[in-house]
Each structure stands twice: as C-alpha cells, then as structure tokens.
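Input: a single structure, listed below in structure tokens.
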Amino acid sequence: MSEQEAQYQNESKPVKRSQSGLWFGVIILFIVVALAGAGFYFFTQLRDKQEGLGGEVKGEMSKQIADYQAQLVAIQTQLAAMEANVAGKDSHFTQTLADFSQLHNEKLESTRKDLNESIVGVQRQLGKTRGDWLIADAEYLLSVANERLYLIGDVNTTREALEASDQRLRESGDAATFKVREEIAHELSDIKKVIVPDVVGIYASLQSLQDNVEHLVLLLPYTGKQPSSAQETKASEDQGTIDSALSHIKGVVTIRHTKHEVNEILTPEEAEFIHEQLKVKLEMVKIALVQHNEALFQSSLADAKKWTQQHFLDNSDVNKFIAELDQFSEIKIHSQFPDISKSLKMLRDITKLRIETDKAIETAPAPEAVKPVEIAEPTDKISSTKPTEAAPVVPKPAVK
C-alpha cells in the first residue's frame with residue numbers, strides 16, 4: 001500500500017473531540033460572567049460612594065463658600081469704613097491746606113501792600129525839593145514845641161522851636177505856608193505872655209526854709225538831753241537836799257512861759273518826730289515843685305502850714321516861717337499853657353493849603369488894562385510929533 005492510500009484512509013476516519021475541552025470552555029465562560037457581574041456590582045457601589053462623597057463635598061464647599069462670602073462682606077465693610085475715613089481725612093487736609101493757602105496769600109498781599117507803600121514813600125522822599133525838606137523840618141520843630149510845652153512845660157524851648165519853624169517856612173518860599181506862619185505868629189505872642197516860675201530859686205528857698213525847722217520852738221515843753229553818769233552820782237548823794245533836787249531838775253527840764261495850757265511834756269523822741277515830720281512835708285513840696293504838680297504843691301504847703309500852727313509856738317520865727325509858706329502858695333508853678341497845635345495841624349495838611357492857594361490865584365479877577373492917555377496936539381506947530389502911549393500897569397495878584 002502506498003503512502004497516498006494510507007493518507008486517504010486517515011482522512012476518511014471521523015475525529016473524536018475530548019469533553020474536557022468542553023468543560024474548560026464552560027468554566028471559562030462562567031468565570032467571565034462572574035467577573036462581569038462582580039464588575040457591575042463594584043461599579044454600582046463605586047457610583048453610590050461617589051454620589052455620597054459628592055453630596056458631602058458639595059455641603060462642605062457650600063459652607064466654606066458661605067464663610068468666604070461672610071468674610072468678603074466683612075472685608076468690604078472694612079474697606080468702606082477705611083474709604084470713608086480716608087475721604088474725611090482727605091477733606092480735612094484739603095480744608096487745612098486751603099486755609100493755610102488763604103492765610104499765606106493774605107500775608108503775601110499785606111507784605112506786597114506795605115512794600116508798595118514803602119516804595120512810594122521812598123519815591124516821595126527822593127522827589128522832594130529843598131522847599132519840601134524845609135517844610136518837613138518845620139513840621140518836626142512844631143511837633144517838638146508841642147511835646148516840650150505840654151509834657152515838660154519848657155516854655156523857652158517851645159518859643160525857640162516855634163521861631164525856628166517860622167524861619168524854615170520863610171526859607172522854603174512856599175506861598176501855601178503863609179497861613180501857617182500867621183498862626184505861628186499868634187502862638188508866639190501867646191507863649192510870650194506865659195509867666196515862667198523860677199523853679200531853681202523856689203527850690204533853694206524851700207531848702208533854706210527846711211534847714212530852719214530845727215530853730216523853731218515847739219508849743220509843748222519837752223525834756224532836754226539826759227544827764228550824765230557823774231550828774232546822776234552827784235544827784236544821788238544830794239538827794240536829801242532841795243538844792244540838789246532843783247539842780248537835777250534844772251538839768252533835765254527846760255522851764256518856759258507859755259500862754260497855752262500844758263497838758264503833757266513831750267519826750268525827746270516826740271520832739272524830734274515833730275521836727276522831722278515838718279521836714280518831710282517840705283520835702284513833698286519840693287517834689288511837687290520839680291514835677292510841676294500844682295495840686296500836690298498847694299496841698300503840701302497847706303499841710304506844712306497847718307502842722308506848724310498846731311505844734312510850734314506862736315513867735316516871730318514861726319510867724320515868719322508861716323508867712324514864707326503863704327508866699328509860696330501864691331506862686332503858680334504850672335501856668336495855663338496856650339494851644340499851639342493849630343499850626344502843626346495846618347502844616348501837616350499842606351497839600352490842602354496848596355490847593356486852596358492855587359484856587360485863590362485862579363479865581364482872582366483879571367486886572368483891567370489901563371487905557372492909554374490921549375494927549376491933544378498943540379495948537380502951535382512947534383512939534384508935530386505925537387507923544388508915545390503909556391504902557392499899561394498890570395498889578396500883581398494878591399496871594400491869600
């Protein structure tokens with residue numbers, strides 16, 4: 001038998017399959033189904049867990065979002081408060097800056113105004129002529145005259161200042177000062193009528209009067225100087241005798257006849273006090289004299305006179321002392337000074353005087369032209385020439 005035949009026989013026989021393979025396939029199929037069911041189950045559980053986890057996550061996220069929103073609202077509130085505070089401070093700073101700027105502008109304007117006035121004053125000073133300087137000097141002299149007269153009472157200096165100011169106005173040559181000079185002449189006339197007291201002489205007389213106070217005799221008796229120790233020893237030895245007692249009394253007591261009733265005997269201290277008190281009153285008189293205080297001068301003299309009459313004996317020395325006090329009381333140390341301020345006021349308003357003078361010159365009537373005198377020709381023909389016409393005389397306008 002050949003190989004082809006054998007192959008043909010083998011192909012024609014039926015093939016027998018094993019059952020073990022079937023079971024193996026079934027098992028595999030069952031495993032696949034089981035795995036698919038387990039996978040589906042696990043997938044379902046996983047989806048449930050994811051849904052629960054998603055709800056928790058959503059709730060937590062909602063809570064956190066609400067907290068964040070609350071914090072955001074608080075931050076916005078704080079920001080609004082900060083913005084309002086900043087806006088208030090900004091408005092305050094703006095107002096302060098505006099006030100400071102206004103004050104600075106006012107000071108700058110005031111300084112500019114003062115500077116302009118100073119510049120104008122300097123320009124006026126530079127533009128003054130010699131006449132203007134003389135008028136300014138006269139104004140200063142008039143102010144000095146008023147100060148010396150009313151503050152010090154120096155009549156001589158006042159008169160010299162008035163005369164010097166009149167000389168300055170005369171040298172200025174300004175027609176507007178005529179009225180001022182006229183007023184100065186009246187004031188000089190009034191000043192010359194003032195009687196100036198001799199303050200130095202009166203002061204010297206008061207000093208001499210004050211030195212004579214010690215020689216005045218007191219009205220009441222007073223004890224003399226105290227006895228010495230030797231006199232006291234001698235008096236104690238002769239105390240039993242009347243002569244020693246009288247000699248002791250004679251050395252201590254001064255016996256004087258008086259018309260007044262003696263009520264007490266003064267001590268040496270009281271007698272010295274009376275003399276010193278009178279000196280003090282005379283010193284007040286001298287102070288009032290130097291200060292030109294008329295009221296204090298008269299009251300101090302009256303007080304000194306009263307004190308003298310009360311405490312000193314009525315004799316020739318005291319009467320002479322009182323008579324001198326009466327003479328001093330008749331002196332007027334502060335005379336009634338005249339008013340010399342009118343000329344100063346007029347000179348300070350020299351511009352008005354100049355305007356009035358110019359108006360007076362402008363409104364003055366124009367002088368009329370003098371008509372020429374016609375001379376008739378002589379009948380005889382000695383001279384055929386006619387006389388020339390006389391030139392008109394133009395009077396000068398009067399300056400008021």
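By convention in this document, the chains of the structure tokens carry letters A, B, ... by their order, each chain's residues are numbered from 1, and ligands are numbered from 1 in the order they are shown.
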Mind checking which residues fall within 9 Å of Leu325 of chain A, counting only C-alpha atoms, ignoring those fewer than 4 positions away in the same chain, and posting them as a CSV table (one decimal) with C-alpha atoms, in the first residue's frame?
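Once written, out13.csv looks like this:
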chain,number,residue,atom,x,y,z
A,206,LEU,CA,12.4,175.8,100.3
A,209,LEU,CA,13.2,177.0,105.0
A,301,LEU,CA,2.1,173.8,101.5
A,302,ALA,CA,-1.3,173.9,103.3
A,304,ALA,CA,3.0,172.1,106.3
A,305,LYS,CA,1.3,175.4,107.4
A,320,LYS,CA,8.0,184.4,109.6
A,321,PHE,CA,8.0,180.7,108.6
A,329,SER,CA,1.3,179.2,98.0
A,330,GLU,CA,0.7,182.3,95.8
> Hey, can you check how far atom CA of Ile350 of chain A sits from atom CA of Lys179 of chain A?
Replying inline: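 Taking atom CA of Ile350 of chain A and atom CA of Lys179 of chain A, their separation equals 10.1 Å.
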> Near segment 337-342 of chain A, counting only C-alpha atoms, which residues have an atom at most 12 Å away, once you skip same-chain residues fewer than 2 positions from it, shown as a PyMOL selection string?
Replying inline: chain A and resi 139+141-155+158-159+161-162+179-196+332-335+344-349
Those selected residues, please, written with N, CA and C atoms and delivered as a CSV table (one decimal), in the first residue's frame.
chain,number,residue,atom,x,y,z
A,139,GLU,N,7.8,171.1,60.3
A,139,GLU,CA,6.8,170.3,60.9
A,139,GLU,C,7.4,169.5,62.1
A,141,LEU,N,9.9,170.6,64.0
A,141,LEU,CA,10.1,171.6,65.1
A,141,LEU,C,8.8,171.9,65.8
A,142,LEU,N,7.7,172.0,65.0
A,142,LEU,CA,6.4,172.3,65.6
A,142,LEU,C,6.0,171.1,66.6
A,143,SER,N,6.2,169.9,66.1
A,143,SER,CA,5.9,168.7,67.0
A,143,SER,C,6.7,168.7,68.3
A,144,VAL,N,8.0,169.1,68.1
A,144,VAL,CA,8.9,169.2,69.3
A,144,VAL,C,8.4,170.3,70.3
A,145,ALA,N,8.0,171.4,69.7
A,145,ALA,CA,7.4,172.5,70.5
A,145,ALA,C,6.2,172.1,71.3
A,146,ASN,N,5.3,171.3,70.7
A,146,ASN,CA,4.1,170.9,71.4
A,146,ASN,C,4.5,169.9,72.5
A,147,GLU,N,5.4,169.0,72.2
A,147,GLU,CA,5.8,168.0,73.2
A,147,GLU,C,6.5,168.7,74.4
A,148,ARG,N,7.4,169.6,74.2
A,148,ARG,CA,8.1,170.3,75.3
A,148,ARG,C,7.2,171.1,76.1
A,149,LEU,N,6.2,171.7,75.5
A,149,LEU,CA,5.2,172.5,76.2
A,149,LEU,C,4.3,171.7,77.1
A,150,TYR,N,3.6,170.7,76.5
A,150,TYR,CA,2.6,170.0,77.2
A,150,TYR,C,3.1,168.9,78.1
A,151,LEU,N,4.2,168.3,77.8
A,151,LEU,CA,4.8,167.2,78.6
A,151,LEU,C,5.7,167.7,79.7
A,152,ILE,N,6.5,168.7,79.4
A,152,ILE,CA,7.5,169.1,80.3
A,152,ILE,C,7.3,170.5,80.8
A,153,GLY,N,6.6,171.3,80.0
A,153,GLY,CA,6.3,172.7,80.4
A,153,GLY,C,7.5,173.6,80.2
A,154,ASP,N,8.3,173.3,79.2
A,154,ASP,CA,9.5,174.1,78.9
A,154,ASP,C,9.1,175.2,77.9
A,155,VAL,N,8.8,176.4,78.4
A,155,VAL,CA,8.3,177.4,77.6
A,155,VAL,C,9.4,178.0,76.7
A,158,THR,N,10.1,175.8,73.8
A,158,THR,CA,8.9,175.9,72.9
A,158,THR,C,9.0,177.1,72.1
A,159,ARG,N,9.3,178.3,72.7
A,159,ARG,CA,9.4,179.5,71.9
A,159,ARG,C,10.5,179.4,70.9
A,161,ALA,N,11.6,176.7,69.4
A,161,ALA,CA,11.2,175.8,68.3
A,161,ALA,C,10.2,176.5,67.4
A,162,LEU,N,9.3,177.3,67.9
A,162,LEU,CA,8.4,178.0,67.1
A,162,LEU,C,9.1,179.0,66.2
A,179,LYS,N,-0.4,181.1,55.7
A,179,LYS,CA,-1.4,181.0,56.8
A,179,LYS,C,-0.8,180.3,58.0
A,180,VAL,N,0.1,179.3,57.7
A,180,VAL,CA,0.8,178.6,58.9
A,180,VAL,C,1.7,179.6,59.6
A,181,ARG,N,2.4,180.4,58.9
A,181,ARG,CA,3.3,181.4,59.6
A,181,ARG,C,2.5,182.4,60.3
A,182,GLU,N,1.3,182.8,59.8
A,182,GLU,CA,0.4,183.7,60.5
A,182,GLU,C,0.0,183.1,61.9
A,183,GLU,N,-0.4,181.8,61.8
A,183,GLU,CA,-0.8,181.1,63.0
A,183,GLU,C,0.4,181.0,64.0
A,184,ILE,N,1.6,180.7,63.5
A,184,ILE,CA,2.8,180.6,64.4
A,184,ILE,C,3.0,182.0,65.1
A,185,ALA,N,2.8,183.1,64.4
A,185,ALA,CA,3.0,184.4,65.0
A,185,ALA,C,2.0,184.6,66.1
A,186,HIS,N,0.7,184.1,66.0
A,186,HIS,CA,-0.2,184.2,67.1
A,186,HIS,C,0.2,183.4,68.3
A,187,GLU,N,0.7,182.1,68.0
A,187,GLU,CA,1.2,181.2,69.0
A,187,GLU,C,2.4,181.8,69.8
A,188,LEU,N,3.3,182.4,69.0
A,188,LEU,CA,4.5,183.0,69.7
A,188,LEU,C,4.0,184.2,70.6
A,189,SER,N,3.0,184.9,70.2
A,189,SER,CA,2.5,186.0,71.0
A,189,SER,C,1.9,185.5,72.3
A,190,ASP,N,1.2,184.3,72.2
A,190,ASP,CA,0.6,183.7,73.4
A,190,ASP,C,1.7,183.2,74.3
A,191,ILE,N,2.7,182.6,73.7
A,191,ILE,CA,3.7,182.0,74.5
A,191,ILE,C,4.5,183.0,75.3
A,192,LYS,N,4.7,184.2,74.7
A,192,LYS,CA,5.5,185.2,75.4
A,192,LYS,C,4.7,185.8,76.6
A,193,LYS,N,3.4,185.6,76.6
A,193,LYS,CA,2.6,186.1,77.8
A,193,LYS,C,2.7,185.1,78.9
A,194,VAL,N,3.2,183.9,78.8
A,194,VAL,CA,3.2,182.9,79.8
A,194,VAL,C,4.3,183.3,80.8
A,195,ILE,N,4.0,183.4,82.1
A,195,ILE,CA,5.0,183.7,83.1
A,195,ILE,C,5.6,182.4,83.6
A,196,VAL,N,6.9,182.2,83.5
A,196,VAL,CA,7.6,181.0,83.9
A,196,VAL,C,8.1,181.2,85.3
A,332,LYS,N,2.2,180.2,91.1
A,332,LYS,CA,1.6,179.2,90.2
A,332,LYS,C,2.7,178.5,89.4
A,333,ILE,N,3.0,177.3,89.8
A,333,ILE,CA,4.2,176.6,89.1
A,333,ILE,C,3.8,176.0,87.8
A,334,HIS,N,2.5,175.8,87.6
A,334,HIS,CA,2.0,175.2,86.3
A,334,HIS,C,1.0,176.2,85.7
A,335,SER,N,1.5,177.1,84.8
A,335,SER,CA,0.6,178.1,84.2
A,335,SER,C,-0.3,177.4,83.2
A,344,LEU,N,0.6,173.2,63.7
A,344,LEU,CA,1.1,171.8,63.4
A,344,LEU,C,0.1,171.1,62.5
A,345,LYS,N,-1.2,171.2,62.9
A,345,LYS,CA,-2.3,170.6,62.1
A,345,LYS,C,-2.4,171.2,60.7
A,346,MET,N,-2.2,172.5,60.6
A,346,MET,CA,-2.3,173.1,59.3
A,346,MET,C,-1.1,172.7,58.4
A,347,LEU,N,0.1,172.6,59.0
A,347,LEU,CA,1.3,172.3,58.2
A,347,LEU,C,1.2,170.8,57.8
A,348,ARG,N,0.6,169.9,58.6
A,348,ARG,CA,0.5,168.5,58.2
A,348,ARG,C,-0.5,168.4,57.0
A,349,ASP,N,-1.3,169.4,56.8
A,349,ASP,CA,-2.3,169.3,55.7
A,349,ASP,C,-1.9,170.4,54.7
> Near Ser205 of chain A, counting only C-alpha atoms, which residues have an atom at most 12 Å away, once you skip same-chain residues fewer than 6 positions from it, shown as a ChimeraX atom specification?
Replying inline: /A:198-199,211-212,282,285-286,289,321,324-325,327-328
Just-selected residues, C-alpha atoms written as an mmCIF file, in the first residue's frame:
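The resulting file, again_7.cif, is reproduced below:
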data_model
loop_
_atom_site.group_PDB
_atom_site.id
_atom_site.type_symbol
_atom_site.label_atom_id
_atom_site.label_comp_id
_atom_site.auth_asym_id
_atom_site.auth_seq_id
_atom_site.Cartn_x
_atom_site.Cartn_y
_atom_site.Cartn_z
ATOM 1 C CA ASP A 198 11.810 180.316 88.836
ATOM 2 C CA VAL A 199 11.866 176.666 89.846
ATOM 3 C CA ASP A 211 17.066 173.986 107.287
ATOM 4 C CA ASN A 212 15.449 176.485 109.689
ATOM 5 C CA LEU A 282 8.525 170.466 102.989
ATOM 6 C CA VAL A 285 6.568 170.474 98.489
ATOM 7 C CA LYS A 286 9.936 170.322 96.712
ATOM 8 C CA LEU A 289 7.717 171.711 92.512
ATOM 9 C CA PHE A 321 8.048 180.730 108.639
ATOM 10 C CA GLU A 324 7.059 182.391 103.687
ATOM 11 C CA LEU A 325 4.778 179.399 103.217
ATOM 12 C CA GLN A 327 4.215 183.450 99.695
ATOM 13 C CA PHE A 328 4.982 180.068 98.128
#
> Taking into account only C-alpha atoms, which residue in the set A:Ala288, A:Leu97, A:Ile355, A:Leu313 is nearest to Thr177 of chain A?
Replying inline: A:Ile355
